[in-house]
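**Q** I have a structure here, written as structure tokens, and I will follow up with some questions on it.
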Amino acid sequence: MPLRSRPLTALSRALHHLRRPAALLAAACSALALATPAQAAPDVIRIGVATAGGGDPITWGGSPGGVVRANQWLEKAFEGSGTRVEWLFFKGAGPAVNEALSNKQIDFAYQGDLPQIVGRANGLKTRLLVASGVRNNLYLVVPKDSPIQSIADLRDKKVSIFRGTNGHLVAINVLAANHLAERDIKGVNLDTGSAQAALVSSGVDAAFGGIEWFKVRDQGLARIVYSTQGKDLAYTRQASLLVREDFVAGNEAEIQKVVDVFVRAARWSSDEANRDALFDIWARSGVPKASWVAEFENQPLAQRNSPLIDDFVKARYKAVVQDALKLKLIRREVSVDDWFDTRFLARALKEQGLENYWTPADAKGQPVGGAQRLATTAARP
């Protein structure tokens with residue numbers, strides 16, 4: 001006689017009825033998860049650049065990013081993916097880029113260290129991905145017939161300084177090294193183009209700026225009376241590419257592709273065999289090739305175009321935070337170490353076989369031995 005199933009007790013019957021809906025719910029959730037498509041790639045990736053740029057199409061120089069733009073390497077990398085690349089150039093430089101980041105009008109931003117830190121201090125949530133144009137020089141220029149011969153002669157003079165840019169802070173430090181404060185000069189806040197017009201028309205007595213002044217000098221309209229070239233690296237300016245933090249989730253593949261292309265451009269831009277071709281590309285921005293030759297004189301390309309976020313880059317960002325606090329350009333101290341997200345850079349270096357290509361620098365900018373070691377996890381703000 002076959003054994004009969006034991007009758008369900010009241011408790012087992014209750015559990016049986018509870019399990020069945022739970023199993024059905026779990027099955028339904030699994031089916032929904034399988035049916036839900038992965039987050040679609042963005043229709044457009046928008047990159048803001050903290051310069052008005054020049055040329056047709058508009059581009060800029062002094063950074064491997066300019067090579068990416070001029071050669072359309074990023075557009076080619078996203079070809080067929082359904083994602084287009086849009087570049088936006090800002091005459092208002094770093095401060096204007098911060099406003100665009102705040103309004104979510106751009107996803108990535110290429111800008112200098114000081115405006116990046118000002119944005120972070122004001123609550124912009126970003127992640128710094130890759131260095132792109134470091135150790136940039138600063139110059140003081142005066143009209144050709146000016147009696148000014150040095151920084152010390154600037155007291156009570158009308159001097160153009162593009163406030164809020166990375167050159168602003170270096171200019172203040174250069175003044176301090178010569179026993180002057182910003183209050184000792186009559187500072188005038190002018191963008192690059194306006195400063196050139198003002199100096200040539202004697203609207204200002206002097207101007208701080210970058211490579212754009214070589215062209216004016218070579219036209220016989222100005223003299224460079226001070227340069228940071230070859231001096232203390234604390235007087236150089238750093239630039240890098242960052243991304244909005246809320247853009248990271250769901251778009252990591254796209255971010256990796258962008259960083260891959262920037263690292264590829266850094267490698268090409270660091271090769272001395274490409275020096276002449278590099279300056280030709282950067283000259284498309286409207287800055288003459290001769291100006292790039294002068295700016296990079298006696299400086300290895302690999303030092304200026306390294307993408308590494310090494311101890312030197314980190315130290316410079318920390319120093320900018322402290323200087324900005326001291327000068328009340330920001331109201332609160334902001335962290336730096338947890339800002340750098342080097343996952344994408346580390347992966348790009350590894351996949352392109354470039355882990356040992358660039359020599360990392362210590363906090364003072366001197367080369368250190370051994371391979372560059374990068375964190376493999378994100379720095380979480």
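So you can find residues: chains in the structure tokens are A, B, ... in the order shown, residues in each start at 1, and ligands are numbered from 1 in order.
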Which residues of range 45-104 of chain A sit at most 12 Å from range 302-320 of chain A, using only C-alpha atoms? Give each one's shortest atom pair and distance in Å (one decimal place), in chain and ascending residue order, as CSV.
**A**
residue,atom,partner,partner_atom,distance
A:Gly61,CA,A:Asn305,CA,11.4
A:Gly62,CA,A:Asn305,CA,8.4
A:Ser63,CA,A:Asn305,CA,6.7
A:Pro64,CA,A:Asn305,CA,6.5
A:Gly65,CA,A:Asn305,CA,9.7
A:Gly66,CA,A:Asn305,CA,11.2
A:Val67,CA,A:Asn305,CA,11.1
**Q** Restricting it to N, CA and C atoms, dump the selection as an mmCIF file, in the first residue's frame.
**A**
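Output file again04.cif follows:
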data_model
loop_
_atom_site.group_PDB
_atom_site.id
_atom_site.type_symbol
_atom_site.label_atom_id
_atom_site.label_comp_id
_atom_site.auth_asym_id
_atom_site.auth_seq_id
_atom_site.Cartn_x
_atom_site.Cartn_y
_atom_site.Cartn_z
ATOM 1 N N GLY A 61 46.088 75.315 -28.061
ATOM 2 C CA GLY A 61 47.400 74.692 -28.008
ATOM 3 C C GLY A 61 47.930 74.586 -26.592
ATOM 4 N N GLY A 62 49.119 74.014 -26.476
ATOM 5 C CA GLY A 62 49.755 73.906 -25.173
ATOM 6 C C GLY A 62 49.327 72.691 -24.384
ATOM 7 N N SER A 63 48.468 71.860 -24.951
ATOM 8 C CA SER A 63 47.963 70.676 -24.263
ATOM 9 C C SER A 63 47.769 69.555 -25.275
ATOM 10 N N PRO A 64 48.021 68.304 -24.874
ATOM 11 C CA PRO A 64 47.670 67.192 -25.755
ATOM 12 C C PRO A 64 46.199 67.212 -26.153
ATOM 13 N N GLY A 65 45.372 67.848 -25.318
ATOM 14 C CA GLY A 65 43.964 67.980 -25.664
ATOM 15 C C GLY A 65 43.765 68.718 -26.973
ATOM 16 N N GLY A 66 44.649 69.669 -27.275
ATOM 17 C CA GLY A 66 44.574 70.381 -28.536
ATOM 18 C C GLY A 66 44.837 69.467 -29.720
ATOM 19 N N VAL A 67 45.686 68.444 -29.516
ATOM 20 C CA VAL A 67 45.950 67.452 -30.560
ATOM 21 C C VAL A 67 44.713 66.592 -30.777
#
**Q** Pull the closest atom pair for each residue of range 114-206 of chain A that gets at most 10 Å from range 280-298 of chain A, along with the distance in Å to one decimal, counting only C-alpha atoms, ordering rows by chain and then ascending residue number, as a tab-separated table.
**A**
residue	atom	partner	partner_atom	distance
A:Asn136	CA	A:Glu295	CA	8.6
A:Asn137	CA	A:Glu295	CA	7.5
A:Leu138	CA	A:Glu295	CA	9.8
**Q** Need to verify the contact set: Asn189 in chain A, 6 Å, only C-alpha atoms, exclusion of same-chain residues closer than 2 positions in sequence. Can you return it as a list in words?
**A**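 The residues satisfying every condition are Ser160, Ile161, Phe162 and Arg163 of chain A.
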**Q** With only C-alpha atoms as the basis for distance, which of A:Phe247, A:Trp213, A:Trp358, A:Phe344 is at the shortest distance from Ala266 in chain A?
**A**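 Of A:Phe247, A:Trp213, A:Trp358, A:Phe344, the one nearest Ala266 in chain A, counting only C-alpha atoms, is A:Trp358.
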**Q** Please compute the CA of Pro57 in chain A-CA of Asn71 in chain A distance, one decimal, in Å.
**A** 10.6 Å
**Q** List every residue of range 180-335 of chain A that DSSP, applied to the backbone of this structure, assigns to strand (DSSP E), and report them as a short mmCIF file (atom, residue, chain, number, x, y, z; two decimals) with C-alpha atoms, in the first residue's frame.
**A**
data_model
loop_
_atom_site.label_atom_id
_atom_site.label_comp_id
_atom_site.auth_asym_id
_atom_site.auth_seq_id
_atom_site.Cartn_x
_atom_site.Cartn_y
_atom_site.Cartn_z
CA LYS A 186 46.58 98.96 -9.75
CA GLY A 187 45.22 95.65 -10.94
CA VAL A 188 42.89 95.57 -13.93
CA ALA A 206 52.04 96.05 -17.92
CA ALA A 207 50.30 92.69 -18.19
CA PHE A 208 50.74 89.19 -16.84
CA GLY A 209 49.96 86.40 -19.27
CA ALA A 222 55.95 94.74 -26.38
CA ARG A 223 58.87 93.49 -24.32
CA ILE A 224 58.93 90.53 -21.96
CA VAL A 225 60.64 91.71 -18.79
CA TYR A 226 60.00 88.64 -16.64
CA SER A 227 59.50 84.93 -17.29
CA ALA A 239 45.91 72.18 -16.27
CA SER A 240 43.90 68.98 -16.39
CA LEU A 241 40.72 67.30 -17.54
CA LEU A 242 37.91 66.70 -15.06
CA VAL A 243 34.40 65.32 -15.25
CA ARG A 244 31.18 66.06 -13.39
#
**Q** Write out as a PyMOL selection string which residues come within 10 Å of Ile106 in chain A when counting only C-alpha atoms, dropping same-chain ones fewer than 4 positions away.
**A** chain A and resi 44-49+86-88+97-102+243-244+247
**Q** What is the distance, in Å and to one decimal place, between CA of Lys144 in chain A and CA of Ser201 in chain A?
**A** 11.3 Å
**Q** Do you have the CA of Ala346 in chain A-CA of Ala109 in chain A distance handy?
**A**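 If I compute the distance from CA of Ala346 in chain A to CA of Ala109 in chain A, I get 19.8 Å.
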**Q** Which of these residues is nearest to Arg127 in chain A, using only C-alpha atoms: A:Glu333, A:Asp43, A:Asp107, A:Asp232?
**A**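 Of the candidates, the smallest distance to Arg127 in chain A is held by A:Asp107.
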**Q** From the list A:Gly250, A:Ala265, A:Thr83, A:Asp184, which residue is nearest Ala70 in chain A when using only C-alpha atoms?
**A**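 So, comparing all the options, the nearest one is A:Ala265.
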**Q** With distances taken over only C-alpha atoms, which residue among A:Ala348, A:Ala198, A:Leu129, A:Leu329 lies nearest Leu221 in chain A?
**A** A:Ala198
**Q** Go through range 194-241 of chain A and flag each residue having an atom no more than 12 Å from range 360-369 of chain A; for those, report the closest pair of atoms plus their distance in Å to one decimal, using only C-alpha atoms, ordered by chain and rising number, as JSON lines.
**A**
{"residue": "A:Lys231", "atom": "CA", "partner": "A:Gly365", "partner_atom": "CA", "distance": 11.7}
{"residue": "A:Asp232", "atom": "CA", "partner": "A:Lys364", "partner_atom": "CA", "distance": 8.9}
{"residue": "A:Leu233", "atom": "CA", "partner": "A:Gly365", "partner_atom": "CA", "distance": 6.8}
{"residue": "A:Ala234", "atom": "CA", "partner": "A:Lys364", "partner_atom": "CA", "distance": 7.9}
{"residue": "A:Tyr235", "atom": "CA", "partner": "A:Lys364", "partner_atom": "CA", "distance": 11.3}
{"residue": "A:Thr236", "atom": "CA", "partner": "A:Gly365", "partner_atom": "CA", "distance": 10.5}
**Q** Only N, CA, C and O atoms, please: the residues just picked out, written as a CSV table (one decimal), in the first residue's frame.
**A**
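part_25.csv was written with the following content:
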chain,number,residue,atom,x,y,z
A,231,LYS,N,62.7,78.9,-13.9
A,231,LYS,CA,62.8,79.3,-12.4
A,231,LYS,C,62.1,78.2,-11.6
A,231,LYS,O,61.7,77.1,-12.0
A,232,ASP,N,61.8,78.6,-10.3
A,232,ASP,CA,61.1,77.7,-9.4
A,232,ASP,C,59.8,77.1,-10.0
A,232,ASP,O,59.0,77.9,-10.4
A,233,LEU,N,59.7,75.8,-10.0
A,233,LEU,CA,58.5,75.2,-10.6
A,233,LEU,C,57.2,75.5,-9.8
A,233,LEU,O,56.1,75.3,-10.3
A,234,ALA,N,57.4,76.1,-8.6
A,234,ALA,CA,56.2,76.6,-7.8
A,234,ALA,C,55.5,77.7,-8.6
A,234,ALA,O,54.4,78.1,-8.3
A,235,TYR,N,56.2,78.3,-9.5
A,235,TYR,CA,55.6,79.5,-10.3
A,235,TYR,C,55.0,79.0,-11.6
A,235,TYR,O,54.8,79.8,-12.5
A,236,THR,N,54.9,77.7,-11.8
A,236,THR,CA,54.2,77.2,-13.0
A,236,THR,C,52.8,76.9,-12.8
A,236,THR,O,52.3,76.9,-11.6
**Q** Go through A:Gln238, A:Ala52, A:Leu199, A:Thr59 and flag the residue nearest Gly112 in chain A, using only C-alpha atoms for the distances.
**A**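 The closest residue to Gly112 in chain A is A:Gln238.
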**Q** Let me make sure I understand: among A:Lys257, A:Arg183, A:His168, A:Arg343, which one has the smallest atom-to-atom distance to Glu75 in chain A if we use only C-alpha atoms?
**A**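 When distances to Glu75 in chain A are compared using only C-alpha atoms, the smallest one comes from A:Lys257.
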**Q** Check range 34-184 of chain A with DSSP on the backbone and list each residue it calls helix (DSSP H, G or I), as a PyMOL selection string.
**A** chain A and resi 34-35+64-71+73-77+93-102+113-121+151-154+166-177+182-184
**Q** Hey, what's within 9 Å of Asp260 in chain A if we count only C-alpha atoms and toss same-chain stuff fewer than 2 positions away? As a count of residues only, please?
**A** 15
